[in-house]
Number of protein chains: 2
Amino acid sequence: MALEHAILGFLSRDPMTGYDLKTRCFDDGAGHLWTADQAQVYRTLDRLSREGRVRSRLVPQRGKPDRKVFSITHKGRRALETWLRDPEDPSPVRDPFLLHILLSSDLPDGEIIAQLERARGQYQQRLDDLRGRARTEVDAWERATRRSRDAELRRMTIAASVAAARTSIDWIDDSIERVSKGLPAPPSDAARGTDGGIG
Amino acid sequence: MALEHAILGFLSRDPMTGYDLKTRCFDDGAGHLWTADQAQVYRTLDRLSREGRVRSRLVPQRGKPDRKVFSITHKGRRALETWLRDPEDPSPVRDPFLLHILLSSDLPDGEIIAQLERARGQYQQRLDDLRGRARTEVDAWERATRRSRDAELRRMTIAASVAAARTSIDWIDDSIERVSKGLPAPPSDAARGTDGGIG
DNA sequence: GATTTTTATAGGACTTGTCATATACTCGTC
DNA sequence: GACGAGTATATGACAAGTCCTATAAAAATC
């Protein structure tokens, strides 16, 4: 549902192909807060086309497949505006890494710390990526008429991602410290009944 | 994929029914970091059963439907341990609210602020919920043998969620301030071509 | 000259997750 | 006594998303 509106949002700035949407808008422009599968982009464009929210025209090229340039229709613009005004309820949290930690009581302390350290590295990498994004004024964004307003909003969302990654790293550091002091011991194997017995 | 292992993890603590898993383990115990759909829980239990990772026995009850009590098998325990040792790569971020903000340049500043304020309230609510969770030693957790180790890990994950929510609120406050100062103006309607023209 | 990357679109198979609905009985409350 | 909430399991229909593969040719790199 979000993908659909993101596509309308990007097309409302500039007509472009599915390929442009995937690479320039999603991967480069919004990759810090949303990912899009290539197949999903094309399928969604197809559906939006059938629904009359976007339309396409074919631009022939020599050698390469025709460019299928999509643009937003009036109907699509109305749908986008409705979505923009409709407040976004925060989706329930699903954090596979935290779930992993939550269930890790069978792992020895040392391995929990190793998991935390690995995750720390990955959040660090994410920060590096975000630093790169902050430097890059994205092409599709730059070309758009509303350059500076869009750019400012993009900066804001990158700041949010940076803050989130930093918070995760801080939490990991605290947690490594906590686990290093020794977590309460797990119960002995004997106390655990695989298959749960009968009684 | 995560749901499957979470179920194995919970069952490795205590044999229980699908209903218990959904309500006590997911909603009450892990709801701050993972949500599970009831239908999905039963379907996954079914599949795990067919794969020999869990088994069930029927406990007849008067009036109510039979309790189908699931317990983890040796095979299931091995699968769980493999998963626990296998580091969890952080999944790509998908934040519908940030996406919404990113695409909001068509909204006037005041409406962007309203969106931010609404989200602030919801993160505040999340904090309240987390405070409740921090107070509650969960039933299923309490009954488990490894009480204190599990409880400590759970406390850690709640701390992570609290920190994340606080960070979001701080970011929102900063952003409200930023937008209040006035974002660069959007382009006039005339500068935007619905349907993209031909050139 | 051979391989890889980039540009460009698209379908098949699959997994995961959501929503609605059905059954069925108990217990508390208004 | 009606009504809703809690306990308990399950299916059908569907939406959303991922992974893999295929096609096709130019341009860049080794």
# chains A, B, ... in the order shown; residues from 1 in each chain; ligands from 1

call {"tool": "interface_residues", "arguments": {"of": "chain B", "to": "chain D", "cutoff": "10 Å", "atoms": "only C-alpha atoms (C1' of nucleotides)", "output": "ChimeraX atom specification"}}
result
/B:17-20,39,42-43,64-68

call {"tool": "write_last_selection", "arguments": {"atoms": "N, CA and C atoms", "output": "JSON list (two decimals), in the first residue's frame"}}
result
[["chain", "number", "residue", "atom", "x", "y", "z"],
["B", 17, "THR", "N", -0.46, -24.09, 23.90],
["B", 17, "THR", "CA", -1.37, -24.10, 22.75],
["B", 17, "THR", "C", -1.11, -22.90, 21.84],
["B", 18, "GLY", "N", -1.68, -22.95, 20.67],
["B", 18, "GLY", "CA", -1.58, -21.83, 19.75],
["B", 18, "GLY", "C", -2.13, -20.56, 20.37],
["B", 19, "TYR", "N", -3.21, -20.73, 21.09],
["B", 19, "TYR", "CA", -3.83, -19.59, 21.75],
["B", 19, "TYR", "C", -2.89, -18.93, 22.76],
["B", 20, "ASP", "N", -2.23, -19.80, 23.56],
["B", 20, "ASP", "CA", -1.26, -19.28, 24.53],
["B", 20, "ASP", "C", -0.12, -18.54, 23.84],
["B", 39, "ALA", "N", -4.06, -16.36, 12.73],
["B", 39, "ALA", "CA", -4.14, -17.35, 11.67],
["B", 39, "ALA", "C", -2.75, -17.85, 11.30],
["B", 42, "TYR", "N", -1.35, -20.42, 13.88],
["B", 42, "TYR", "CA", -1.88, -21.77, 13.71],
["B", 42, "TYR", "C", -1.32, -22.43, 12.47],
["B", 43, "ARG", "N", -1.24, -21.67, 11.39],
["B", 43, "ARG", "CA", -0.73, -22.25, 10.15],
["B", 43, "ARG", "C", 0.73, -22.65, 10.30],
["B", 64, "LYS", "N", -15.40, -26.56, 26.00],
["B", 64, "LYS", "CA", -14.50, -25.88, 25.06],
["B", 64, "LYS", "C", -13.90, -26.87, 24.08],
["B", 65, "PRO", "N", -13.38, -26.34, 22.97],
["B", 65, "PRO", "CA", -12.68, -27.23, 22.04],
["B", 65, "PRO", "C", -11.47, -27.83, 22.75],
["B", 66, "ASP", "N", -11.03, -28.99, 22.28],
["B", 66, "ASP", "CA", -9.84, -29.61, 22.85],
["B", 66, "ASP", "C", -8.67, -28.64, 22.84],
["B", 67, "ARG", "N", -7.90, -28.67, 23.91],
["B", 67, "ARG", "CA", -6.63, -27.95, 23.87],
["B", 67, "ARG", "C", -5.65, -28.78, 23.05],
["B", 68, "LYS", "N", -4.97, -28.13, 22.10],
["B", 68, "LYS", "CA", -3.98, -28.83, 21.32],
["B", 68, "LYS", "C", -2.64, -28.30, 21.81]]

call {"tool": "interface_residues", "arguments": {"of": "chain B", "to": "chain A", "cutoff": "6 Å", "atoms": "only C-alpha atoms", "output": "list in words"}}
result
Gly9, Pro15, Leu33, Trp34, Ser71, Ile72, Thr73, Glu88, Val93, Arg94, Asp95, Phe97, Leu102, Leu103, Ser105, Arg146, Arg149, Asp150, Leu153, Arg154, Pro184, Pro186, Pro187, Thr194, Asp195 and Gly196 of chain B

call {"tool": "closest_residue", "arguments": {"among": "C:DT9, C:DT16, C:DT3, C:DT29", "to": "chain B", "atoms": "only C-alpha atoms (C1' of nucleotides)"}}
result
C:DT16

call {"tool": "select_by_dssp", "arguments": {"residues": "region 91-194 of chain B", "states": "helix (DSSP H, G or I)", "output": "VMD selection string"}}
result
chain B and resid 96 to 102 104 to 106 109 to 135 139 to 143 147 to 180 189 to 191 194

call {"tool": "closest_atom_pairs", "arguments": {"of": "chain C", "to": "chain A", "cutoff": "10 Å", "atoms": "only C-alpha atoms (C1' of nucleotides)", "output": "CSV"}}
result
residue,atom,partner,partner_atom,distance
C:DT7,C1',A:Lys64,CA,7.1
C:DA8,C1',A:Pro65,CA,5.5
C:DT9,C1',A:Pro65,CA,7.4
C:DA10,C1',A:Tyr42,CA,7.8
C:DG11,C1',A:Ala39,CA,9.2

call {"tool": "atom_distance", "arguments": {"atom1": "CA of Arg47 (chain B)", "atom2": "C1' of DT15 (chain C)"}}
result
12.8 Å

call {"tool": "decode", "arguments": {"residues": "region 1-28 of chain D", "atoms": "N, CA, C and O atoms (P, O5', C5', C4', C3', O3' and C1' of nucleotides)", "output": "short mmCIF file (atom, residue, chain, number, x, y, z; two decimals), in the first residue's frame"}}
result
data_model
loop_
_atom_site.label_atom_id
_atom_site.label_comp_id
_atom_site.auth_asym_id
_atom_site.auth_seq_id
_atom_site.Cartn_x
_atom_site.Cartn_y
_atom_site.Cartn_z
P DG D 1 -34.45 -16.25 31.99
"O5'" DG D 1 -34.94 -16.09 30.49
"C5'" DG D 1 -35.50 -14.81 30.06
"C4'" DG D 1 -34.42 -13.93 29.49
"C3'" DG D 1 -33.44 -14.62 28.52
"O3'" DG D 1 -33.22 -13.70 27.46
"C1'" DG D 1 -32.24 -13.43 30.12
P DA D 2 -33.28 -14.21 25.95
"O5'" DA D 2 -32.49 -12.99 25.29
"C5'" DA D 2 -32.86 -11.65 25.66
"C4'" DA D 2 -31.61 -10.77 25.68
"C3'" DA D 2 -30.62 -11.03 24.55
"O3'" DA D 2 -30.25 -9.77 24.01
"C1'" DA D 2 -29.50 -11.16 26.62
P DC D 3 -29.39 -9.64 22.65
"O5'" DC D 3 -28.13 -8.78 23.09
"C5'" DC D 3 -28.00 -8.27 24.43
"C4'" DC D 3 -26.52 -8.11 24.74
"C3'" DC D 3 -25.60 -8.48 23.57
"O3'" DC D 3 -24.61 -7.48 23.42
"C1'" DC D 3 -24.99 -9.74 25.49
P DG D 4 -23.63 -7.42 22.16
"O5'" DG D 4 -22.22 -7.43 22.88
"C5'" DG D 4 -22.03 -6.64 24.06
"C4'" DG D 4 -20.92 -7.22 24.91
"C3'" DG D 4 -19.63 -7.54 24.14
"O3'" DG D 4 -18.54 -7.03 24.92
"C1'" DG D 4 -20.31 -9.44 25.36
P DA D 5 -17.10 -6.81 24.25
"O5'" DA D 5 -16.17 -7.72 25.18
"C5'" DA D 5 -16.33 -7.67 26.60
"C4'" DA D 5 -15.69 -8.90 27.22
"C3'" DA D 5 -14.36 -9.30 26.58
"O3'" DA D 5 -13.44 -9.57 27.62
"C1'" DA D 5 -15.81 -11.15 26.62
P DG D 6 -11.91 -9.83 27.33
"O5'" DG D 6 -11.75 -11.40 27.53
"C5'" DG D 6 -11.98 -11.95 28.83
"C4'" DG D 6 -11.99 -13.46 28.72
"C3'" DG D 6 -10.77 -14.06 28.01
"O3'" DG D 6 -10.21 -15.05 28.87
"C1'" DG D 6 -12.76 -14.97 27.14
P DT D 7 -8.83 -15.76 28.48
"O5'" DT D 7 -9.34 -17.15 27.85
"C5'" DT D 7 -9.97 -18.10 28.69
"C4'" DT D 7 -10.34 -19.33 27.89
"C3'" DT D 7 -9.19 -19.96 27.11
"O3'" DT D 7 -9.17 -21.34 27.37
"C1'" DT D 7 -11.06 -19.66 25.72
P DA D 8 -7.88 -22.19 27.02
"O5'" DA D 8 -7.99 -22.35 25.44
"C5'" DA D 8 -8.69 -23.49 24.92
"C4'" DA D 8 -8.87 -23.45 23.42
"C3'" DA D 8 -7.68 -23.09 22.54
"O3'" DA D 8 -6.96 -24.28 22.20
"C1'" DA D 8 -9.82 -22.46 21.63
P DT D 9 -5.83 -24.28 21.01
"O5'" DT D 9 -6.67 -24.40 19.67
"C5'" DT D 9 -7.52 -25.53 19.50
"C4'" DT D 9 -8.21 -25.47 18.17
"C3'" DT D 9 -7.25 -25.40 16.97
"O3'" DT D 9 -7.45 -26.56 16.18
"C1'" DT D 9 -9.04 -23.84 16.76
P DA D 10 -6.49 -26.89 14.94
"O5'" DA D 10 -7.25 -26.15 13.77
"C5'" DA D 10 -8.60 -26.54 13.47
"C4'" DA D 10 -9.15 -25.60 12.43
"C3'" DA D 10 -8.20 -25.36 11.26
"O3'" DA D 10 -8.68 -26.07 10.13
"C1'" DA D 10 -9.39 -23.40 11.91
P DT D 11 -7.75 -26.13 8.81
"O5'" DT D 11 -8.62 -25.35 7.75
"C5'" DT D 11 -10.04 -25.56 7.69
"C4'" DT D 11 -10.67 -24.42 6.89
"C3'" DT D 11 -9.94 -24.11 5.58
"O3'" DT D 11 -10.89 -24.09 4.53
"C1'" DT D 11 -10.25 -22.12 6.84
P DG D 12 -10.38 -24.15 3.02
"O5'" DG D 12 -11.18 -22.99 2.29
"C5'" DG D 12 -12.29 -22.33 2.90
"C4'" DG D 12 -12.43 -20.93 2.33
"C3'" DG D 12 -11.71 -20.71 1.01
"O3'" DG D 12 -12.53 -19.88 0.17
"C1'" DG D 12 -10.86 -19.20 2.63
P DA D 13 -12.09 -19.61 -1.36
"O5'" DA D 13 -11.73 -18.06 -1.29
"C5'" DA D 13 -12.51 -17.18 -0.48
"C4'" DA D 13 -11.88 -15.81 -0.48
"C3'" DA D 13 -11.11 -15.50 -1.78
"O3'" DA D 13 -11.42 -14.18 -2.17
"C1'" DA D 13 -9.67 -15.25 0.08
P DC D 14 -10.87 -13.58 -3.53
"O5'" DC D 14 -9.66 -12.68 -3.02
"C5'" DC D 14 -9.87 -11.91 -1.84
"C4'" DC D 14 -8.59 -11.38 -1.30
"C3'" DC D 14 -7.63 -10.80 -2.35
"O3'" DC D 14 -7.56 -9.42 -2.08
"C1'" DC D 14 -6.50 -12.05 -0.67
P DA D 15 -6.97 -8.40 -3.16
"O5'" DA D 15 -5.76 -7.78 -2.32
"C5'" DA D 15 -5.91 -7.52 -0.93
"C4'" DA D 15 -4.55 -7.27 -0.33
"C3'" DA D 15 -3.59 -6.53 -1.25
"O3'" DA D 15 -2.95 -5.55 -0.45
"C1'" DA D 15 -2.62 -8.58 -0.55
P DA D 16 -1.96 -4.51 -1.07
"O5'" DA D 16 -0.58 -5.15 -0.68
"C5'" DA D 16 -0.31 -5.43 0.69
"C4'" DA D 16 1.07 -6.01 0.79
"C3'" DA D 16 2.09 -5.31 -0.10
"O3'" DA D 16 3.14 -4.91 0.74
"C1'" DA D 16 2.17 -7.67 -0.42
P DG D 17 4.42 -4.16 0.14
"O5'" DG D 17 5.43 -5.36 -0.01
"C5'" DG D 17 5.72 -6.18 1.12
"C4'" DG D 17 6.57 -7.33 0.67
"C3'" DG D 17 7.75 -6.91 -0.22
"O3'" DG D 17 8.94 -7.33 0.41
"C1'" DG D 17 6.61 -8.81 -1.09
P DT D 18 10.39 -7.02 -0.21
"O5'" DT D 18 10.86 -8.48 -0.63
"C5'" DT D 18 10.72 -9.55 0.30
"C4'" DT D 18 11.16 -10.83 -0.37
"C3'" DT D 18 12.46 -10.70 -1.16
"O3'" DT D 18 13.33 -11.71 -0.69
"C1'" DT D 18 10.78 -11.74 -2.47
P DC D 19 14.87 -11.73 -1.13
"O5'" DC D 19 14.92 -12.90 -2.21
"C5'" DC D 19 14.06 -14.04 -2.04
"C4'" DC D 19 14.20 -14.95 -3.26
"C3'" DC D 19 15.48 -14.73 -4.07
"O3'" DC D 19 16.05 -16.01 -4.33
"C1'" DC D 19 13.56 -14.55 -5.47
P DC D 20 17.42 -16.13 -5.16
"O5'" DC D 20 16.90 -16.64 -6.57
"C5'" DC D 20 15.83 -17.60 -6.62
"C4'" DC D 20 15.39 -17.80 -8.05
"C3'" DC D 20 16.52 -17.68 -9.08
"O3'" DC D 20 16.54 -18.87 -9.86
"C1'" DC D 20 14.65 -16.34 -9.72
P DT D 21 17.77 -19.10 -10.91
"O5'" DT D 21 17.07 -18.75 -12.31
"C5'" DT D 21 15.76 -19.24 -12.59
"C4'" DT D 21 15.15 -18.45 -13.72
"C3'" DT D 21 16.09 -18.19 -14.89
"O3'" DT D 21 15.69 -19.04 -15.97
"C1'" DT D 21 14.73 -16.28 -14.38
P DA D 22 16.58 -19.05 -17.31
"O5'" DA D 22 15.89 -17.96 -18.24
"C5'" DA D 22 14.48 -18.01 -18.47
"C4'" DA D 22 14.09 -16.82 -19.32
"C3'" DA D 22 15.14 -16.48 -20.38
"O3'" DA D 22 14.57 -16.65 -21.67
"C1'" DA D 22 14.44 -14.52 -19.18
P DT D 23 15.51 -16.56 -22.96
"O5'" DT D 23 15.33 -15.06 -23.43
"C5'" DT D 23 14.01 -14.48 -23.53
"C4'" DT D 23 14.16 -13.00 -23.79
"C3'" DT D 23 15.28 -12.67 -24.76
"O3'" DT D 23 14.73 -12.10 -25.94
"C1'" DT D 23 15.31 -11.23 -22.87
P DA D 24 15.59 -12.06 -27.28
"O5'" DA D 24 16.34 -10.67 -27.14
"C5'" DA D 24 15.62 -9.47 -26.87
"C4'" DA D 24 16.60 -8.34 -26.75
"C3'" DA D 24 17.96 -8.65 -27.40
"O3'" DA D 24 18.23 -7.67 -28.37
"C1'" DA D 24 18.24 -7.75 -25.24
P DA D 25 19.32 -7.88 -29.51
"O5'" DA D 25 20.29 -6.67 -29.23
"C5'" DA D 25 19.76 -5.35 -29.23
"C4'" DA D 25 20.60 -4.48 -28.34
"C3'" DA D 25 22.09 -4.46 -28.73
"O3'" DA D 25 22.51 -3.12 -28.85
"C1'" DA D 25 21.84 -4.78 -26.42
P DA D 26 23.71 -2.73 -29.82
"O5'" DA D 26 24.37 -1.51 -29.03
"C5'" DA D 26 23.54 -0.45 -28.57
"C4'" DA D 26 24.05 0.04 -27.22
"C3'" DA D 26 25.52 0.45 -27.24
"O3'" DA D 26 25.63 1.83 -26.89
"C1'" DA D 26 25.07 -1.07 -25.44
P DA D 27 26.99 2.59 -27.10
"O5'" DA D 27 27.69 2.47 -25.68
"C5'" DA D 27 26.96 2.81 -24.50
"C4'" DA D 27 27.80 2.41 -23.30
"C3'" DA D 27 29.28 2.80 -23.42
"O3'" DA D 27 29.66 3.45 -22.22
"C1'" DA D 27 29.07 0.50 -22.87
P DA D 28 31.04 4.25 -22.11
"O5'" DA D 28 31.79 3.42 -20.97
"C5'" DA D 28 31.06 3.03 -19.80
"C4'" DA D 28 31.76 1.88 -19.11
"C3'" DA D 28 33.28 2.06 -18.95
"O3'" DA D 28 33.61 1.82 -17.59
"C1'" DA D 28 32.79 -0.08 -19.85
#
